[in-house]
>>> print(open('work_30.cif').read())   # mmCIF, C-alpha atoms
data_protein
#
loop_
_atom_site.label_atom_id
_atom_site.label_comp_id
_atom_site.auth_asym_id
_atom_site.auth_seq_id
_atom_site.Cartn_x
_atom_site.Cartn_y
_atom_site.Cartn_z
CA MET A 1 13.64 3.03 0.70
CA SER A 2 16.43 5.16 -0.73
CA TYR A 3 18.47 3.73 -3.57
CA PRO A 4 20.29 6.63 -5.30
CA GLY A 5 20.30 6.35 -9.06
CA ARG A 6 18.17 3.23 -9.04
CA VAL A 7 14.57 2.08 -9.35
CA VAL A 8 12.32 0.80 -6.57
CA PHE A 9 9.67 -1.76 -7.48
CA PHE A 10 6.37 -2.22 -5.66
CA CYS A 11 3.46 -4.64 -5.69
CA VAL A 12 -0.02 -4.13 -4.26
CA GLY A 13 -1.21 -7.16 -2.32
CA ASP A 14 0.44 -10.42 -1.28
CA GLY A 15 3.99 -10.21 -2.60
CA ALA A 16 4.16 -14.00 -2.90
CA ARG A 17 1.73 -13.79 -5.81
CA THR A 18 4.28 -11.89 -7.89
CA VAL A 19 6.05 -15.22 -8.34
CA GLU A 20 2.86 -16.58 -9.93
CA ARG A 21 2.70 -13.59 -12.25
CA PHE A 22 6.34 -13.55 -13.35
CA GLY A 23 7.48 -17.11 -12.66
CA ALA A 24 10.20 -15.87 -10.29
CA ASN A 25 10.72 -13.26 -7.59
CA PRO A 26 10.68 -9.98 -9.58
CA TRP A 27 12.66 -8.07 -6.94
CA GLU A 28 15.49 -10.58 -7.30
CA LEU A 29 15.30 -10.37 -11.10
CA LEU A 30 15.47 -6.57 -10.96
CA SER A 31 17.91 -6.11 -8.08
CA ASP A 32 21.08 -5.63 -10.13
CA ARG A 33 22.18 -2.34 -11.66
CA GLY A 34 22.04 -3.69 -15.21
CA SER A 35 18.38 -4.73 -14.98
CA GLN A 36 17.40 -1.40 -13.47
CA GLU A 37 19.34 0.49 -16.13
CA LEU A 38 17.51 -1.52 -18.78
CA MET A 39 14.07 -0.87 -17.26
CA LEU A 40 14.82 2.85 -17.09
CA ALA A 41 15.90 2.81 -20.73
CA LEU A 42 12.48 1.33 -21.60
CA ALA A 43 10.51 3.64 -19.30
CA ASP A 44 9.60 6.06 -22.09
CA GLY A 45 8.62 3.50 -24.68
CA PRO A 46 9.80 0.59 -26.85
CA ARG A 47 13.36 0.56 -28.17
CA THR A 48 15.08 -1.56 -30.77
CA LEU A 49 18.10 -3.64 -29.87
CA ALA A 50 20.30 -1.13 -31.70
CA GLU A 51 18.84 1.73 -29.66
CA LEU A 52 19.39 -0.18 -26.44
CA ARG A 53 23.01 -0.85 -27.37
CA ASP A 54 23.52 2.91 -27.67
CA LYS A 55 21.75 3.64 -24.39
CA VAL A 56 22.79 1.00 -21.84
CA ALA A 57 25.95 -0.77 -20.74
CA PRO A 58 26.75 -4.23 -22.16
CA GLU A 59 26.02 -5.88 -18.79
CA ALA A 60 22.52 -4.40 -18.89
CA LEU A 61 21.88 -5.94 -22.31
CA GLU A 62 22.92 -9.30 -20.88
CA ARG A 63 19.81 -9.13 -18.67
CA LEU A 64 17.41 -8.63 -21.58
CA ASP A 65 16.62 -12.28 -22.33
CA ILE A 66 15.90 -13.20 -18.70
CA LEU A 67 13.56 -10.22 -18.29
CA VAL A 68 11.75 -11.18 -21.49
CA LYS A 69 11.49 -14.78 -20.29
CA HIS A 70 9.73 -13.69 -17.10
CA GLY A 71 7.43 -11.15 -18.72
CA LEU A 72 8.94 -7.97 -17.29
CA VAL A 73 9.96 -6.98 -20.81
CA ARG A 74 8.18 -8.05 -23.99
CA GLN A 75 8.92 -7.89 -27.68
CA VAL A 76 6.74 -5.53 -29.70
CA GLY A 77 7.42 -5.95 -33.39
CA GLY A 78 11.11 -5.33 -33.82
CA ALA A 79 11.51 -3.57 -30.48
CA TYR A 80 11.46 -4.26 -26.75
CA ALA A 81 9.04 -2.70 -24.26
CA ALA A 82 8.65 -2.80 -20.49
CA SER A 83 5.51 -4.75 -19.55
CA ILE A 84 5.01 -2.74 -16.36
CA PRO A 85 4.94 1.04 -15.89
CA VAL A 86 8.28 2.48 -14.78
CA VAL A 87 8.08 6.13 -13.74
CA THR A 88 11.22 8.16 -14.34
CA ASP A 89 11.80 11.18 -12.14
CA ALA A 90 10.89 13.43 -15.08
CA LYS A 91 7.56 11.64 -15.45
CA ALA A 92 7.06 11.71 -11.68
CA ARG A 93 7.16 15.50 -11.86
CA ARG A 94 4.43 15.53 -14.52
CA LEU A 95 2.43 12.90 -12.65
CA ARG A 96 2.33 15.07 -9.54
CA VAL A 97 0.67 17.83 -11.57
CA LEU A 98 -1.76 15.49 -13.33
CA LEU A 99 -2.92 13.80 -10.12
CA ARG A 100 -3.02 16.88 -7.88
CA PRO A 101 -6.82 17.33 -8.36
CA LEU A 102 -7.40 13.79 -7.09
CA ALA A 103 -5.17 14.36 -4.08
CA ALA A 104 -6.98 17.62 -3.30
CA ALA A 105 -10.35 15.84 -3.38
CA VAL A 106 -9.16 13.06 -1.06
CA ALA A 107 -7.42 15.51 1.29
CA GLY A 108 -10.58 17.63 1.40
CA VAL A 109 -12.63 14.73 2.73
CA VAL A 110 -10.01 13.74 5.29
CA GLU A 111 -9.47 17.32 6.46
CA ARG A 112 -13.20 17.79 7.00
CA ARG A 113 -13.58 14.53 8.94
CA VAL A 114 -10.22 14.02 10.65
CA GLY A 115 -11.84 15.11 13.91
CA GLU A 116 -13.83 11.86 13.88
CA VAL A 117 -10.61 9.86 13.79
CA LYS A 118 -9.04 11.94 16.54
CA SER A 119 -12.18 11.62 18.68
CA ALA A 120 -12.13 7.83 18.26
CA PHE A 121 -8.47 7.74 19.26
CA MET A 122 -9.13 9.83 22.37
CA ARG A 123 -11.61 7.16 23.54
CA THR A 124 -9.04 4.37 23.30
CA ARG A 125 -6.77 3.02 26.03
CA LEU A 126 -3.93 3.83 23.65
CA ALA A 127 -4.56 7.52 24.35
CA GLU A 128 -3.44 6.98 27.95
CA GLY A 129 0.16 6.56 26.81
CA PHE A 130 0.34 8.44 23.51
CA GLU A 131 -0.64 11.87 22.20
CA TRP A 132 -2.57 12.48 18.97
CA GLY A 133 0.63 13.75 17.38
CA ASP A 134 2.31 10.43 18.11
CA VAL A 135 -0.25 8.38 16.19
CA ALA A 136 -1.93 10.76 13.72
CA HIS A 137 0.06 9.62 10.71
CA ILE A 138 -0.35 5.96 11.62
CA LEU A 139 -4.13 6.32 11.89
CA VAL A 140 -4.63 8.57 8.86
CA ASP A 141 -1.82 7.72 6.44
CA ALA A 142 -1.69 3.96 7.04
CA LEU A 143 -5.02 2.80 8.47
CA LEU A 144 -7.30 5.27 6.67
CA LEU A 145 -5.63 5.99 3.33
CA ASP A 146 -3.61 2.86 2.64
CA PHE A 147 -5.47 -0.02 4.26
CA SER A 148 -9.06 1.26 4.24
CA MET A 149 -9.36 3.66 1.28
CA LEU A 150 -7.48 1.33 -1.05
CA SER A 151 -9.85 -1.53 -0.18
CA CYS A 152 -12.88 0.70 -0.70
CA VAL A 153 -11.52 1.93 -4.04
CA GLU A 154 -11.14 -1.62 -5.33
CA ASN A 155 -14.73 -2.47 -4.38
CA LEU A 156 -16.08 0.76 -5.86
CA LEU A 157 -14.16 0.15 -9.09
CA THR A 158 -15.94 -3.21 -9.19
CA ARG A 159 -19.29 -1.54 -8.61
CA GLU A 160 -18.64 0.90 -11.45
CA ARG A 161 -17.32 -1.80 -13.82
CA LEU A 162 -13.97 -0.03 -14.18
CA PHE A 163 -11.79 -3.15 -14.21
CA GLN A 164 -12.46 -3.86 -17.89
CA GLY A 165 -9.23 -2.18 -18.97
CA TRP A 166 -7.11 -4.28 -16.59
CA SER A 167 -5.32 -7.47 -17.59
CA ARG A 168 -5.90 -10.65 -15.58
CA TRP A 169 -2.64 -10.39 -13.67
CA GLN A 170 -3.11 -6.68 -13.03
CA ARG A 171 -6.32 -7.57 -11.19
CA VAL A 172 -4.47 -10.19 -9.13
CA ILE A 173 -1.17 -8.50 -8.19
CA PRO A 174 -0.33 -5.08 -9.69
CA PHE A 175 3.39 -4.32 -10.06
CA PHE A 176 5.26 -1.15 -11.00
CA GLY A 177 8.56 0.69 -10.68
CA MET A 178 9.65 4.20 -9.71
CA GLU A 179 12.98 5.90 -10.21
CA VAL A 180 14.22 7.32 -6.93
CA GLY A 181 14.46 11.09 -7.31
CA PRO A 182 13.26 14.42 -5.92
CA HIS A 183 9.84 14.18 -7.59
CA MET A 184 9.03 10.61 -6.62
CA ALA A 185 5.76 10.34 -4.68
CA ASN A 186 4.79 7.09 -3.02
CA PHE A 187 3.44 5.78 0.25
CA GLY A 188 3.07 2.27 1.60
CA VAL A 189 3.27 0.01 4.64
CA ASN A 190 5.24 -3.19 5.24
CA SER A 191 3.64 -5.64 7.68
CA TRP A 192 4.46 -9.09 8.99
CA PHE A 193 3.35 -11.45 11.76
CA ILE A 194 4.98 -12.79 14.85
CA ASP A 195 3.17 -15.24 17.10
CA GLY A 196 -0.09 -13.55 18.11
CA PHE A 197 0.98 -10.05 17.08
CA GLY A 198 2.07 -8.17 13.99
CA ILE A 199 4.42 -5.32 13.14
CA SER A 200 3.84 -2.54 10.60
CA VAL A 201 6.27 0.07 9.27
CA MET A 202 5.28 3.05 7.13
CA HIS A 203 7.55 4.10 4.29
CA GLY A 204 7.20 6.76 1.65
CA SER A 205 8.81 9.53 -0.31
CA MET A 206 7.86 12.04 2.39
CA ILE A 207 9.40 9.91 5.18
CA ARG A 208 13.13 10.61 4.97
CA ARG A 209 14.07 8.04 7.56
CA THR A 210 17.68 6.89 7.58
CA GLY A 211 18.60 3.37 8.55
CA LEU A 212 15.40 1.76 7.27
CA LEU A 213 17.18 -1.45 6.33
CA ARG A 214 18.69 -1.74 9.81
CA LEU A 215 15.29 -1.07 11.37
CA MET A 216 13.64 -3.80 9.30
CA SER A 217 16.44 -6.22 10.16
CA VAL A 218 16.22 -5.55 13.91
CA LEU A 219 12.42 -5.81 13.90
CA GLN A 220 12.57 -9.23 12.29
CA GLU A 221 15.51 -10.47 14.37
CA GLN A 222 14.02 -9.30 17.69
CA GLY A 223 10.41 -10.26 17.00
CA GLU A 224 10.28 -12.60 19.99
CA VAL A 225 11.41 -9.84 22.37
CA LEU A 226 8.76 -7.49 21.00
CA LEU A 227 6.19 -10.25 21.35
CA GLU A 228 7.11 -10.72 25.01
CA LEU A 229 6.78 -6.97 25.58
CA CYS A 230 3.34 -7.02 23.93
CA ARG A 231 2.23 -9.81 26.23
CA SER A 232 3.78 -8.79 29.53
CA GLY A 233 4.09 -5.02 29.17
CA SER A 234 7.58 -4.92 30.67
CA ILE A 235 10.70 -7.09 30.85
CA ARG A 236 13.96 -6.61 32.73
CA GLU A 237 16.44 -6.79 29.84
CA VAL A 238 16.27 -6.13 26.10
CA PRO A 239 18.85 -6.02 23.27
CA SER A 240 20.45 -2.58 23.09
CA GLY A 241 19.48 -2.20 19.42
CA LEU A 242 15.79 -1.94 20.34
CA VAL A 243 16.53 0.97 22.66
CA GLU A 244 18.87 2.69 20.20
CA LEU A 245 16.18 2.59 17.50
CA GLY A 246 13.55 4.03 19.84
CA LEU A 247 11.36 0.93 19.79
CA VAL A 248 11.79 0.27 23.52
CA ARG A 249 12.39 2.60 26.48
CA ALA A 250 13.41 2.23 30.11
CA SER A 251 10.52 2.00 32.57
CA GLY A 252 11.01 1.47 36.30
CA GLU A 253 13.32 -1.49 36.73
CA GLY A 254 12.81 -2.80 33.21
CA TYR A 255 11.84 -1.84 29.68
CA GLU A 256 8.55 -1.22 27.87
CA LEU A 257 7.48 -0.63 24.27
CA ALA A 258 7.91 2.94 23.05
CA VAL A 259 5.66 2.42 19.99
CA PRO A 260 1.87 2.00 19.93
CA VAL A 261 0.14 -1.38 20.13
CA LEU A 262 -3.41 -1.68 18.74
CA ARG A 263 -5.56 -4.22 20.57
CA GLY A 264 -9.15 -5.41 20.98
CA GLY A 265 -11.62 -2.63 21.71
CA ASP A 266 -9.20 0.05 20.55
CA LYS A 267 -9.15 -1.56 17.12
CA VAL A 268 -12.95 -1.47 16.93
CA LEU A 269 -13.11 2.25 17.75
CA VAL A 270 -10.34 3.17 15.33
CA THR A 271 -11.59 0.94 12.51
CA GLU A 272 -15.12 2.32 12.67
CA ALA A 273 -13.78 5.85 12.30
CA VAL A 274 -11.18 5.30 9.58
CA VAL A 275 -13.39 3.10 7.40
CA ALA A 276 -16.23 5.64 7.40
CA VAL A 277 -13.94 8.45 6.27
CA ALA A 278 -12.04 6.21 3.86
CA HIS A 279 -15.22 5.22 2.05
CA GLU A 280 -16.17 8.83 1.34
CA ALA A 281 -12.62 9.58 0.17
CA ALA A 282 -12.74 6.52 -2.10
CA GLU A 283 -16.02 7.70 -3.63
CA GLU A 284 -14.36 11.01 -4.49
CA LEU A 285 -11.38 9.25 -6.04
CA VAL A 286 -13.43 6.78 -8.10
CA ALA A 287 -15.69 9.58 -9.34
CA ARG A 288 -12.52 11.09 -10.87
CA TYR A 289 -11.14 7.82 -12.28
CA GLY A 290 -10.95 9.47 -15.68
CA VAL A 291 -8.11 11.65 -14.38
CA ILE A 292 -5.98 8.51 -13.97
CA GLU A 293 -6.90 7.23 -17.43
CA ASP A 294 -6.01 10.63 -18.90
CA ALA A 295 -2.63 10.52 -17.14
CA PHE A 296 -2.03 7.01 -18.51
CA ARG A 297 -2.48 8.36 -22.02
CA SER A 298 -0.75 11.69 -21.43
CA LEU A 299 2.44 10.01 -20.19
CA GLY A 300 2.45 7.68 -23.19
CA TYR A 301 1.96 4.38 -21.37
CA ALA A 302 -1.18 3.58 -23.38
CA GLU A 303 1.01 3.25 -26.47
CA TRP A 304 2.81 0.10 -25.27
CA LEU A 305 1.39 -1.26 -22.01
CA GLU A 306 -1.24 -4.00 -22.18
CA GLY A 307 -3.82 -2.88 -19.65
CA VAL A 308 -4.10 0.11 -17.37
CA GLY A 309 -4.24 -1.76 -14.04
CA ASP A 310 -0.61 -1.54 -12.94
CA PHE A 311 -0.65 2.19 -13.66
CA VAL A 312 -3.93 2.73 -11.79
CA GLU A 313 -2.49 1.19 -8.63
CA LEU A 314 0.69 3.23 -9.07
CA ALA A 315 -1.41 6.38 -9.47
CA ILE A 316 -3.51 5.64 -6.38
CA HIS A 317 -0.34 5.30 -4.30
CA VAL A 318 0.91 8.60 -5.70
CA VAL A 319 -2.45 10.16 -4.77
CA MET A 320 -2.08 8.84 -1.22
CA ALA A 321 1.39 10.38 -0.93
CA LEU A 322 0.24 13.72 -2.36
CA SER A 323 -2.80 13.70 -0.04
CA ILE A 324 -0.54 13.24 2.98
CA GLU A 325 1.67 16.10 1.81
CA GLU A 326 -1.40 18.29 1.31
CA LEU A 327 -2.91 17.42 4.70
CA VAL A 328 0.35 18.45 6.36
CA GLU A 329 0.42 21.70 4.37
CA ARG A 330 -3.18 22.45 5.40
CA GLY A 331 -2.37 21.78 9.05
CA ALA A 332 -4.82 18.88 9.24
CA LEU A 333 -1.95 16.54 10.14
CA PRO A 334 1.20 17.22 12.16
CA GLY A 335 4.36 17.84 10.19
CA ILE A 336 6.60 14.91 9.37
CA PRO A 337 10.05 15.38 10.94
CA GLU A 338 12.81 16.32 8.51
CA GLU A 339 14.82 13.41 9.88
CA PRO A 340 12.34 11.01 11.49
CA SER A 341 13.61 8.65 14.15
CA ALA A 342 13.94 5.01 13.12
CA SER A 343 10.80 4.14 15.11
CA TRP A 344 8.64 6.89 13.57
CA GLY A 345 5.62 5.32 11.87
CA VAL A 346 6.14 1.92 13.49
CA TRP A 347 3.41 0.17 15.46
CA LEU A 348 2.38 -3.29 16.63
CA TRP A 349 -1.02 -4.91 16.64
CA GLU A 350 -2.85 -7.85 18.09
CA ALA A 351 -3.63 -10.65 15.60
CA PRO A 352 -5.31 -11.25 13.29
CA TRP A 353 -4.90 -7.74 11.81
CA THR A 354 -4.34 -4.11 12.72
CA LEU A 355 -7.96 -3.29 11.81
CA ASP A 356 -10.98 -5.02 13.33
CA TYR A 357 -12.37 -7.75 11.09
CA SER A 358 -15.95 -7.47 12.33
CA VAL A 359 -16.13 -3.78 11.38
CA ILE A 360 -14.51 -4.42 8.01
CA TYR A 361 -16.93 -7.29 7.38
CA ARG A 362 -19.99 -5.13 7.96
CA HIS A 363 -18.65 -2.43 5.68
CA ILE A 364 -17.70 -4.74 2.82
CA PHE A 365 -21.02 -6.56 3.18
CA GLY A 366 -22.73 -3.25 2.45
CA GLU A 367 -20.45 -2.64 -0.54
CA ILE A 368 -21.15 -6.03 -2.10
CA ARG A 369 -24.88 -5.53 -1.64
CA GLU A 370 -24.54 -2.34 -3.70
CA ILE A 371 -22.71 -4.32 -6.38
CA VAL A 372 -25.42 -7.00 -6.42
CA GLU A 373 -28.19 -4.39 -6.65
CA ARG A 374 -26.38 -2.70 -9.53
CA HIS A 375 -25.43 -5.77 -11.56
CA GLY A 376 -27.56 -8.66 -10.32
CA ALA A 377 -26.40 -11.88 -8.68
CA CYS A 378 -25.66 -15.38 -9.89
CA ASP A 379 -26.20 -18.48 -7.77
CA ARG A 380 -22.50 -18.66 -6.86
CA VAL A 381 -22.49 -15.07 -5.54
CA GLU A 382 -25.57 -15.65 -3.39
CA GLU A 383 -24.03 -18.88 -2.10
CA LEU A 384 -20.85 -17.05 -1.08
CA ILE A 385 -22.76 -14.21 0.58
CA SER A 386 -24.93 -16.67 2.50
CA GLY A 387 -21.84 -18.58 3.59
CA ALA A 388 -20.22 -15.35 4.76
CA GLU A 389 -23.30 -14.47 6.81
CA ASN A 390 -23.25 -17.88 8.50
CA LEU A 391 -19.58 -17.52 9.38
CA ALA A 392 -20.11 -13.99 10.69
CA ARG A 393 -22.90 -15.17 12.97
CA LYS A 394 -20.36 -17.56 14.52
CA GLY A 395 -17.85 -14.74 14.91
CA GLU A 396 -15.54 -16.14 12.21
CA TYR A 397 -15.08 -12.79 10.50
CA GLY A 398 -11.74 -13.55 8.85
CA GLU A 399 -13.18 -16.49 6.92
CA ALA A 400 -16.36 -14.52 6.23
CA LEU A 401 -14.28 -11.76 4.65
CA MET A 402 -12.54 -14.30 2.42
CA MET A 403 -15.92 -15.45 1.12
CA LEU A 404 -17.04 -11.89 0.43
CA LYS A 405 -13.79 -11.27 -1.44
CA LYS A 406 -14.45 -14.32 -3.62
CA ALA A 407 -17.91 -12.96 -4.39
CA ILE A 408 -16.50 -9.56 -5.34
CA ASP A 409 -13.83 -11.24 -7.48
CA ILE A 410 -16.58 -12.82 -9.58
CA TYR A 411 -17.68 -9.32 -10.59
CA ARG A 412 -14.11 -8.06 -11.00
CA THR A 413 -13.25 -10.78 -13.49
CA SER A 414 -16.56 -10.94 -15.38
#
>>> encode(input="work_30.cif", output="structure tokens")
Amino acid sequence: MSYPGRVVFFCVGDGARTVERFGANPWELLSDRGSQELMLALADGPRTLAELRDKVAPEALERLDILVKHGLVRQVGGAYAASIPVVTDAKARRLRVLLRPLAAAVAGVVERRVGEVKSAFMRTRLAEGFEWGDVAHILVDALLLDFSMLSCVENLLTRERLFQGWSRWQRVIPFFGMEVGPHMANFGVNSWFIDGFGISVMHGSMIRRTGLLRLMSVLQEQGEVLLELCRSGSIREVPSGLVELGLVRASGEGYELAVPVLRGGDKVLVTEAVVAVAHEAAEELVARYGVIEDAFRSLGYAEWLEGVGDFVELAIHVVMALSIEELVERGALPGIPEEPSASWGVWLWEAPWTLDYSVIYRHIFGEIREIVERHGACDRVEELISGAENLARKGEYGEALMMLKKAIDIYRTS
């Protein structure tokens, strides 16, 4: 995700909900150079119209009213302020220092327990075709830190009543921006479904992959071919682009997938391992939540942002990126190639998700029981928990998880 001299914007959760928050697609609103120049000009605090005239090009000022209309910029007295945190490269450098203790705590847990994840992988069928080095970053960076730890953190923040400083929309769909530069630290995963299977692609400041846009385009255009390979294992002919990008390789008289596919029992083994480690890492992070609040104040955001939630999610993603960097430095994870292949950090998975829902259900059920014991339960919460248990007994774990999430949301918003 390299856009020299520009800003990259991220959400945490279902991107479609950003339209509810802002009344339009925020990436479209912020895609032009003028809008990004304006957001960078407001990154360090409110500015009057006169100050903005001195700082940005006329075409950037032309975007001001539309950004105010959709709540990305707001008027504060006689000035204008960004309504979301935008981290300049200068602030990114300071943020790395401020959040390093959190990253060290998370990395310490993962380093101590990464053997559990590797052991689980070695018991999978996936290990018959891939080495630990091929999948280590997928299992640790994506499945453990991003998908599992982030979920645990949100539930533990609920348990500790730490959502009080978040606005309503920050609890629903956090949104933030980062200037692309040498000090930027971020990690995330893009995922989407094809019929019966899904595709995930890791991206981050430490993954200097070229041709990401082409990769994403080919993955979406050739989804049906990848689906056929998932189902049959091998087909006689494939588009050359899949081979060139390293997604598919020659095998016998045909072609097979060259990237991992997580299925059935393998997902159970992997999910059990990553969720256990992720929960301990999340406990360490939440115990140091004050570090994030201190950074929010130290960088000045508390002076003009309404609510800390967008910044907290930004900070957690920075912590994930710094933890990955630290785990590589400690030798707990293999090094990331200086120029990763297009297919590095790409994998496929059997629906409904890359992690096993039954394992996630059992874990979140334990987390919500802790919340109930700590804060008591209302009739609606008990009704949702009971409904989730009934669904789980029938093996309908996806719907059961949705009910548990609704129960947790009652505490998050109360």
>>> resolve_selection(input="work_30.cif", expression="the PyMOL selection byres ((chain A and resi 21-26) around 9)", output="PyMOL selection string")
chain A and resi 9+15-20+27-31+69-72+169+172-173
>>> resolve_selection(input="work_30.cif", expression="the PyMOL selection byres ((chain A and resi 64) around 10)", output="list in words")
Gly34, Ser35, Leu38, Met39, Leu49, Leu52, Glu59, Ala60, Leu61, Glu62, Arg63, Asp65, Ile66, Leu67, Val68, Lys69, Leu72, Val73, Arg74 and Tyr80 of chain A
>>> residues_near_point(input="work_30.cif", point="(-13.4, 0.8, 14.6)", cutoff="10 Å", atoms="all atoms listed in the file", output="list in words")
Val117, Ala120, Phe121, Gly264, Gly265, Asp266, Lys267, Val268, Leu269, Val270, Thr271, Glu272, Ala273, Val274, Val275, Ala276, Leu355, Asp356, Tyr357, Ser358, Val359 and Ile360 of chain A
>>> closest_residue(input="work_30.cif", among="A:Ser191, A:Phe311, A:Glu131, A:Leu40", to="Asp294 of chain A", atoms="all atoms listed in the file")
A:Phe311
>>> atom_distance(input="work_30.cif", atom1="atom CA of Val261 of chain A", atom2="atom CA of Gly129 of chain A")
10.4 Å
>>> build_atoms(input="work_30.cif", residues="segment 187-203 of chain A", atoms="N, CA and C atoms", output="mmCIF file, in the frame of the given file")
data_model
loop_
_atom_site.group_PDB
_atom_site.id
_atom_site.type_symbol
_atom_site.label_atom_id
_atom_site.label_comp_id
_atom_site.auth_asym_id
_atom_site.auth_seq_id
_atom_site.Cartn_x
_atom_site.Cartn_y
_atom_site.Cartn_z
ATOM 1 N N PHE A 187 3.649 6.088 -1.159
ATOM 2 C CA PHE A 187 3.440 5.780 0.250
ATOM 3 C C PHE A 187 2.998 4.329 0.361
ATOM 4 N N GLY A 188 3.478 3.643 1.382
ATOM 5 C CA GLY A 188 3.070 2.270 1.600
ATOM 6 C C GLY A 188 3.408 1.817 3.011
ATOM 7 N N VAL A 189 3.033 0.592 3.317
ATOM 8 C CA VAL A 189 3.270 0.010 4.640
ATOM 9 C C VAL A 189 3.747 -1.428 4.463
ATOM 10 N N ASN A 190 4.789 -1.797 5.167
ATOM 11 C CA ASN A 190 5.240 -3.190 5.240
ATOM 12 C C ASN A 190 4.746 -3.786 6.547
ATOM 13 N N SER A 191 4.162 -4.979 6.476
ATOM 14 C CA SER A 191 3.640 -5.640 7.680
ATOM 15 C C SER A 191 4.030 -7.105 7.680
ATOM 16 N N TRP A 192 4.237 -7.658 8.863
ATOM 17 C CA TRP A 192 4.460 -9.090 8.990
ATOM 18 C C TRP A 192 4.037 -9.541 10.375
ATOM 19 N N PHE A 193 3.864 -10.857 10.523
ATOM 20 C CA PHE A 193 3.350 -11.450 11.760
ATOM 21 C C PHE A 193 4.469 -12.048 12.597
ATOM 22 N N ILE A 194 4.295 -11.919 13.914
ATOM 23 C CA ILE A 194 4.980 -12.790 14.850
ATOM 24 C C ILE A 194 3.857 -13.472 15.632
ATOM 25 N N ASP A 195 4.175 -14.408 16.448
ATOM 26 C CA ASP A 195 3.170 -15.240 17.100
ATOM 27 C C ASP A 195 2.176 -14.416 17.915
ATOM 28 N N GLY A 196 0.958 -14.257 17.381
ATOM 29 C CA GLY A 196 -0.090 -13.550 18.110
ATOM 30 C C GLY A 196 -0.126 -12.057 17.901
ATOM 31 N N PHE A 197 0.925 -11.490 17.331
ATOM 32 C CA PHE A 197 0.980 -10.050 17.080
ATOM 33 C C PHE A 197 1.590 -9.796 15.706
ATOM 34 N N GLY A 198 1.464 -8.562 15.248
ATOM 35 C CA GLY A 198 2.070 -8.170 13.990
ATOM 36 C C GLY A 198 2.789 -6.846 14.132
ATOM 37 N N ILE A 199 3.641 -6.556 13.164
ATOM 38 C CA ILE A 199 4.420 -5.320 13.140
ATOM 39 C C ILE A 199 4.172 -4.629 11.808
ATOM 40 N N SER A 200 4.003 -3.319 11.827
ATOM 41 C CA SER A 200 3.840 -2.540 10.600
ATOM 42 C C SER A 200 4.798 -1.358 10.614
ATOM 43 N N VAL A 201 5.328 -1.042 9.431
ATOM 44 C CA VAL A 201 6.270 0.070 9.270
ATOM 45 C C VAL A 201 5.858 0.885 8.058
ATOM 46 N N MET A 202 5.605 2.169 8.249
ATOM 47 C CA MET A 202 5.280 3.050 7.130
ATOM 48 C C MET A 202 6.557 3.438 6.396
ATOM 49 N N HIS A 203 6.445 3.575 5.089
ATOM 50 C CA HIS A 203 7.550 4.100 4.290
ATOM 51 C C HIS A 203 6.963 4.954 3.173
#
